[in-house]
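Structure data follow from structure-v9.cif (mmCIF, C-alpha atoms):
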```cif
data_target
#
loop_
_atom_site.label_atom_id
_atom_site.label_comp_id
_atom_site.auth_asym_id
_atom_site.auth_seq_id
_atom_site.Cartn_x
_atom_site.Cartn_y
_atom_site.Cartn_z
CA MET A 1231 -90.04 -53.91 -0.21
CA LYS A 1232 -92.68 -51.30 0.65
CA ARG A 1233 -93.68 -53.29 3.71
CA LYS A 1234 -90.09 -53.38 4.97
CA GLY A 1235 -89.78 -49.62 4.49
CA LEU A 1236 -93.05 -49.10 6.38
CA PHE A 1237 -91.74 -51.10 9.36
CA ILE A 1238 -88.52 -49.09 9.38
CA PHE A 1239 -90.49 -45.84 9.24
CA ILE A 1240 -92.74 -46.91 12.15
CA GLY A 1241 -89.69 -47.98 14.14
CA LEU A 1242 -88.05 -44.59 13.60
CA ILE A 1243 -91.19 -42.80 14.76
CA PHE A 1244 -91.35 -44.85 17.97
CA TYR A 1245 -87.62 -44.36 18.60
CA SER A 1246 -87.85 -40.60 18.16
CA THR A 1247 -90.85 -40.31 20.50
CA LEU A 1248 -89.05 -42.34 23.16
CA SER A 1249 -85.94 -40.19 22.96
CA LEU A 1250 -87.91 -36.97 23.41
CA GLY A 1251 -88.43 -37.65 27.12
CA GLN A 1252 -84.83 -38.42 27.99
CA GLU A 1253 -82.66 -36.15 30.06
CA ILE A 1254 -79.17 -35.20 28.97
CA TYR A 1255 -76.36 -34.99 31.52
CA ARG A 1256 -73.37 -32.67 31.13
CA TRP A 1257 -70.12 -32.53 33.12
CA VAL A 1258 -66.57 -31.27 32.68
CA ASP A 1259 -63.65 -33.57 33.49
CA GLU A 1260 -60.26 -32.61 34.94
CA LYS A 1261 -58.86 -31.97 31.44
CA GLY A 1262 -61.60 -29.44 30.77
CA THR A 1263 -63.43 -31.70 28.30
CA VAL A 1264 -67.19 -31.22 28.23
CA ASN A 1265 -68.98 -34.59 28.28
CA PHE A 1266 -72.61 -35.48 27.55
CA THR A 1267 -74.63 -38.64 28.12
CA ASP A 1268 -78.24 -39.69 28.48
CA ASP A 1269 -77.40 -42.39 31.05
CA LEU A 1270 -76.47 -41.10 34.51
CA SER A 1271 -74.79 -44.40 35.37
CA LEU A 1272 -72.13 -43.63 32.72
CA VAL A 1273 -71.02 -40.47 34.56
CA PRO A 1274 -67.84 -41.15 36.61
CA GLU A 1275 -68.64 -41.01 40.33
CA LYS A 1276 -66.20 -38.20 41.04
CA TYR A 1277 -68.19 -35.92 38.68
CA LEU A 1278 -71.69 -36.78 39.96
CA ASP A 1279 -71.81 -33.69 42.17
CA GLN A 1280 -71.22 -31.34 39.21
CA VAL A 1281 -73.57 -32.97 36.68
CA GLN A 1282 -75.96 -30.58 35.00
CA LYS A 1283 -79.09 -32.14 33.61
CA LYS A 1284 -81.15 -30.79 30.79
CA LYS A 1285 -84.51 -31.91 29.58
CA PRO A 1286 -85.22 -31.60 25.89
CA PRO A 1287 -87.99 -29.16 24.98
CA LYS A 1288 -91.40 -30.55 25.80
CA GLU A 1289 -93.55 -31.47 22.86
CA HIS A 1290 -96.85 -33.23 22.92
CA VAL A 1291 -96.26 -36.93 22.47
CA PRO A 1292 -99.36 -39.08 22.37
CA SER A 1293 -99.29 -41.73 25.06
CA LEU A 1294 -100.03 -45.33 24.35
CA SER A 1295 -102.09 -47.30 26.80
CA ILE A 1296 -102.09 -51.05 26.83
CA GLN A 1297 -104.89 -52.87 28.56
CA VAL A 1298 -104.09 -56.19 30.15
CA PRO A 1299 -106.93 -58.63 29.65
CA LYS A 1300 -108.38 -60.50 32.58
CA GLU A 1301 -107.46 -64.12 32.78
CA GLU A 1302 -110.05 -66.74 32.05
CA THR A 1303 -110.86 -67.14 35.76
CA GLY A 1304 -112.02 -63.56 35.90
CA LYS A 1305 -109.13 -62.43 38.13
CA GLU A 1306 -106.79 -59.71 37.00
CA ARG A 1307 -103.12 -60.45 36.65
CA GLU A 1308 -101.40 -60.52 40.04
CA SER A 1309 -97.87 -59.56 39.06
CA ALA A 1310 -97.41 -55.82 38.98
CA PRO A 1311 -94.50 -54.30 37.10
CA GLU A 1312 -91.38 -53.77 39.19
CA PRO A 1313 -91.18 -50.16 40.43
CA LYS A 1314 -88.43 -48.10 38.84
CA ASP A 1315 -86.89 -44.68 39.30
CA MET A 1316 -87.09 -41.93 36.67
CA LEU A 1317 -84.19 -43.46 34.73
CA GLY A 1318 -85.73 -46.92 34.70
CA ARG A 1319 -83.46 -48.37 37.39
CA GLY A 1320 -85.07 -50.70 39.88
CA GLU A 1321 -84.45 -51.80 43.42
CA ASP A 1322 -81.65 -54.18 42.39
CA TRP A 1323 -79.60 -51.36 40.84
CA TRP A 1324 -79.89 -49.16 43.93
CA LYS A 1325 -79.14 -52.04 46.31
CA ALA A 1326 -76.08 -52.92 44.21
CA LYS A 1327 -74.81 -49.32 44.51
CA VAL A 1328 -75.28 -49.39 48.28
CA LYS A 1329 -73.55 -52.77 48.48
CA GLU A 1330 -70.67 -51.51 46.33
CA TRP A 1331 -70.09 -48.42 48.50
CA ASN A 1332 -70.57 -50.35 51.72
CA GLY A 1333 -67.91 -52.81 50.50
CA LYS A 1334 -65.56 -49.91 49.72
CA LEU A 1335 -66.16 -48.50 53.21
CA LEU A 1336 -65.46 -51.82 54.92
CA LYS A 1337 -62.30 -52.35 52.85
CA ALA A 1338 -61.07 -48.82 53.61
CA GLN A 1339 -61.77 -49.29 57.35
CA LYS A 1340 -59.90 -52.59 57.43
CA ASN A 1341 -56.90 -51.19 55.53
CA TYR A 1342 -56.94 -48.04 57.68
CA GLU A 1343 -56.78 -50.11 60.87
CA THR A 1344 -53.94 -52.23 59.49
CA ALA A 1345 -51.92 -49.22 58.30
CA TYR A 1346 -52.56 -47.32 61.57
CA ALA A 1347 -51.38 -50.28 63.67
CA ALA A 1348 -48.25 -50.66 61.52
CA TRP A 1349 -47.60 -46.90 61.79
CA LYS A 1350 -47.80 -46.95 65.59
CA THR A 1351 -45.57 -50.05 65.73
CA LYS A 1352 -42.90 -48.32 63.63
CA GLU A 1353 -43.10 -45.23 65.84
CA ARG A 1354 -42.48 -47.40 68.91
CA GLU A 1355 -39.56 -49.07 67.14
CA LEU A 1356 -38.09 -45.64 66.40
CA GLU A 1357 -38.45 -44.57 70.04
CA GLU A 1358 -36.72 -47.75 71.18
CA SER A 1359 -33.85 -47.37 68.70
CA LYS A 1360 -31.96 -44.60 70.52
CA PHE A 1361 -28.74 -46.62 70.58
CA LYS A 1362 -29.15 -48.19 67.12
CA PRO A 1363 -27.40 -47.06 63.90
CA ASP A 1364 -28.58 -43.90 62.17
CA SER A 1365 -29.27 -45.86 58.97
CA LEU A 1366 -31.90 -47.91 60.85
CA LYS A 1367 -33.46 -44.72 62.24
CA ARG A 1368 -33.61 -43.15 58.75
CA ARG A 1369 -35.26 -46.28 57.36
CA LEU A 1370 -37.81 -46.28 60.20
CA ARG A 1371 -38.59 -42.60 59.64
CA ALA A 1372 -39.14 -43.24 55.92
CA GLU A 1373 -41.42 -46.19 56.69
CA ILE A 1374 -43.34 -44.06 59.20
CA LYS A 1375 -43.80 -41.33 56.60
CA ASP A 1376 -45.09 -43.85 54.04
CA LEU A 1377 -47.49 -45.31 56.58
CA GLU A 1378 -48.78 -41.84 57.50
CA VAL A 1379 -49.59 -41.23 53.83
CA LYS A 1380 -51.39 -44.58 53.60
CA VAL A 1381 -53.39 -43.85 56.76
CA LYS A 1382 -54.48 -40.48 55.34
CA ASP A 1383 -55.40 -42.07 52.00
CA TRP A 1384 -57.54 -44.71 53.71
CA GLU A 1385 -59.17 -41.97 55.82
CA LYS A 1386 -60.09 -40.12 52.62
CA GLN A 1387 -61.53 -43.27 51.08
CA MET A 1388 -63.58 -43.96 54.22
CA GLU A 1389 -64.91 -40.41 54.17
CA GLU A 1390 -65.78 -40.66 50.46
CA ALA A 1391 -67.65 -43.94 51.01
CA ARG A 1392 -69.52 -42.53 54.04
CA ASN A 1393 -70.43 -39.43 52.04
CA MET A 1394 -71.79 -41.56 49.18
CA LEU A 1395 -73.80 -43.75 51.55
CA GLU A 1396 -75.12 -40.99 53.79
CA LYS A 1397 -75.53 -38.02 51.42
CA VAL A 1398 -74.99 -38.59 47.70
CA LEU A 1399 -77.00 -41.79 47.15
CA PRO A 1400 -79.98 -40.62 49.25
CA LYS A 1401 -79.95 -37.28 47.38
CA GLN A 1402 -79.84 -39.09 44.03
CA ALA A 1403 -82.61 -41.45 45.12
CA GLU A 1404 -84.78 -38.48 46.04
CA GLU A 1405 -83.91 -36.67 42.83
CA TYR A 1406 -84.73 -39.67 40.64
CA ARG A 1407 -87.76 -40.67 42.73
CA ALA A 1408 -86.39 -44.00 43.85
CA ASP A 1409 -87.87 -45.67 46.91
CA PRO A 1410 -85.71 -44.71 49.94
CA ASP A 1411 -86.13 -48.24 51.30
CA TRP A 1412 -83.98 -49.46 48.40
CA LEU A 1413 -80.98 -47.82 50.08
CA LYS A 1414 -81.30 -49.74 53.34
CA ILE A 1415 -78.58 -52.26 54.02
CA GLU A 1416 -79.87 -55.80 54.43
CA LYS A 1417 -78.45 -57.70 57.33
#
```

Starting from the coordinates I provided, produce the structure as structure tokens.
Amino acid sequence: MKRKGLFIFIGLIFYSTLSLGQEIYRWVDEKGTVNFTDDLSLVPEKYLDQVQKKKPPKEHVPSLSIQVPKEETGKERESAPEPKDMLGRGEDWWKAKVKEWNGKLLKAQKNYETAYAAWKTKERELEESKFKPDSLKRRLRAEIKDLEVKVKDWEKQMEEARNMLEKVLPKQAEEYRADPDWLKIEK
């Protein structure tokens, strides 16, 4: 029983020393609720620009060093640990974010082009309907108005995706000391 208690005590000590170095992120949502997390990836994307980060007070925490023994051949191990950013996220995480936002941009561009073409087609139909019933003209005007709204919405989504790809993600990568090459789109 004493041994089990000792292991629990050691585990709690290690856990508390690990949590001392974590940053805490704070943001306020549209309802005015103040939110906190220690994982930046849990912050909704629309609040990333207003996140305030706080570091807990610095205390001296002894560092542990682990030496990797040489293999029997006398050579040191060849596999180096995968580089990570300050939050422990690697190249795969950053590439996935870029891929996600690039996919959103491509989808928004495609839908924008489709909606814009439909909008212009309806406008031509309206111009050509001078001698058609008023009910048809009203319907066309309503469809044109709906298509205008869709075109503007897709424009906003394209702008948001471009902003994320060109400004927000590079700024975050710099802030969290991620390799800028991780943000390059593979072709």

On this structure, the PyMOL selection byres ((chain A and resi 1264-1275) around 8) would catch which residues? List them as a PDB file with C-alpha atoms, keeping the file's coordinate frame, sorted by chain and number.
```pdb
ATOM      1  CA  GLN A1252     -84.830 -38.420  27.990  1.00  0.00           C
ATOM      2  CA  GLU A1253     -82.660 -36.150  30.060  1.00  0.00           C
ATOM      3  CA  ILE A1254     -79.170 -35.200  28.970  1.00  0.00           C
ATOM      4  CA  TYR A1255     -76.360 -34.990  31.520  1.00  0.00           C
ATOM      5  CA  ARG A1256     -73.370 -32.670  31.130  1.00  0.00           C
ATOM      6  CA  TRP A1257     -70.120 -32.530  33.120  1.00  0.00           C
ATOM      7  CA  VAL A1258     -66.570 -31.270  32.680  1.00  0.00           C
ATOM      8  CA  ASP A1259     -63.650 -33.570  33.490  1.00  0.00           C
ATOM      9  CA  GLY A1262     -61.600 -29.440  30.770  1.00  0.00           C
ATOM     10  CA  THR A1263     -63.430 -31.700  28.300  1.00  0.00           C
ATOM     11  CA  LYS A1276     -66.200 -38.200  41.040  1.00  0.00           C
ATOM     12  CA  TYR A1277     -68.190 -35.920  38.680  1.00  0.00           C
ATOM     13  CA  LEU A1278     -71.690 -36.780  39.960  1.00  0.00           C
ATOM     14  CA  LEU A1317     -84.190 -43.460  34.730  1.00  0.00           C
TER      15      LEU A1317
END
```

Item to check | Atomic distance CA of Ile1415 (chain A) - CA of Pro1311 (chain A), expressed in Å with one decimal | outcome: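 Computing it gives 23.3 Å between the two atoms.
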
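Proximity to region 1396-1398 of chain A at 9 Å, evaluated using all atoms listed in the file and with sequence-adjacent residues fewer than 4 positions away removed, yields Leu1278, Asp1279, Ala1391, Arg1392, Gln1402 and Ala1403 of chain A.
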
Checklist entry - What does the distance from CA of Glu1330 (chain A) to CA of Ala1348 (chain A) come to in Å, to one decimal? => result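 Separation between CA of Glu1330 (chain A) and CA of Ala1348 (chain A): 27.1 Å.
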
Next on the checklist: Excluding region 1349-1361 of chain A and its own-chain neighbours fewer than 4 positions away, which residues fall within 10 Å of it when counting only C-alpha atoms? Please give them as a list of chain:residue names.
Outcome noted: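 Counting only the stated atoms, we get A:Glu1343, A:Thr1344, A:Ala1345, A:Leu1366, A:Lys1367, A:Arg1368, A:Arg1369, A:Leu1370, A:Arg1371, A:Ala1372, A:Glu1373, A:Ile1374, A:Lys1375, A:Asp1376, A:Leu1377, A:Glu1378, A:Val1379, A:Lys1380, A:Val1381.
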
Item to check | CA of Ala1408 (chain A) to CA of Lys1329 (chain A), straight-line distance in Å | outcome: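 These two atoms are separated by 16.2 Å.
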
Next on the checklist: Using all atoms listed in the file, can you tell me which of A:Lys1334, A:Lys1284, A:Lys1414, A:Arg1407 comes closest to Asn1393 (chain A)?
Outcome noted: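 Once distances to Asn1393 (chain A) are computed over all atoms listed in the file, the minimum belongs to A:Lys1334.
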
Checklist outcome for this item: Of A:Ile1240, A:Asp1409, A:Gln1280, A:Lys1232, the one sitting nearest Glu1321 (chain A) when using all atoms listed in the file is A:Asp1409

Can you patch up region 1353-1364 of chain A, filling it in to N, CA, C and O atoms, and show the result as a short mmCIF file (atom, residue, chain, number, x, y, z; two decimals), keeping the file's coordinate frame?
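Dumped everything to out25.cif:
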```cif
data_model
loop_
_atom_site.label_atom_id
_atom_site.label_comp_id
_atom_site.auth_asym_id
_atom_site.auth_seq_id
_atom_site.Cartn_x
_atom_site.Cartn_y
_atom_site.Cartn_z
N GLU A 1353 -43.44 -46.35 64.96
CA GLU A 1353 -43.10 -45.23 65.84
C GLU A 1353 -42.50 -45.73 67.16
O GLU A 1353 -41.54 -45.16 67.67
N ARG A 1354 -43.05 -46.82 67.69
CA ARG A 1354 -42.48 -47.40 68.91
C ARG A 1354 -41.07 -47.93 68.66
O ARG A 1354 -40.17 -47.77 69.48
N GLU A 1355 -40.90 -48.57 67.50
CA GLU A 1355 -39.56 -49.07 67.14
C GLU A 1355 -38.56 -47.92 67.08
O GLU A 1355 -37.42 -48.06 67.54
N LEU A 1356 -38.97 -46.80 66.51
CA LEU A 1356 -38.09 -45.64 66.40
C LEU A 1356 -37.74 -45.11 67.79
O LEU A 1356 -36.58 -44.77 68.05
N GLU A 1357 -38.71 -45.04 68.68
CA GLU A 1357 -38.45 -44.57 70.04
C GLU A 1357 -37.48 -45.48 70.77
O GLU A 1357 -36.65 -45.02 71.57
N GLU A 1358 -37.57 -46.77 70.51
CA GLU A 1358 -36.72 -47.75 71.18
C GLU A 1358 -35.35 -47.90 70.53
O GLU A 1358 -34.50 -48.64 71.03
N SER A 1359 -35.11 -47.21 69.43
CA SER A 1359 -33.85 -47.37 68.70
C SER A 1359 -32.85 -46.24 68.97
O SER A 1359 -32.08 -45.88 68.10
N LYS A 1360 -32.85 -45.72 70.19
CA LYS A 1360 -31.96 -44.60 70.52
C LYS A 1360 -30.49 -44.98 70.35
O LYS A 1360 -29.68 -44.16 69.96
N PHE A 1361 -30.15 -46.21 70.64
CA PHE A 1361 -28.74 -46.62 70.58
C PHE A 1361 -28.46 -47.50 69.36
O PHE A 1361 -27.47 -48.21 69.31
N LYS A 1362 -29.32 -47.41 68.35
CA LYS A 1362 -29.15 -48.19 67.12
C LYS A 1362 -28.52 -47.28 66.05
O LYS A 1362 -28.49 -46.06 66.19
N PRO A 1363 -28.04 -47.86 64.96
CA PRO A 1363 -27.40 -47.06 63.90
C PRO A 1363 -28.37 -46.06 63.27
O PRO A 1363 -29.57 -46.28 63.20
N ASP A 1364 -27.78 -44.95 62.80
CA ASP A 1364 -28.58 -43.90 62.17
C ASP A 1364 -29.28 -44.40 60.90
O ASP A 1364 -30.37 -43.93 60.57
#
```
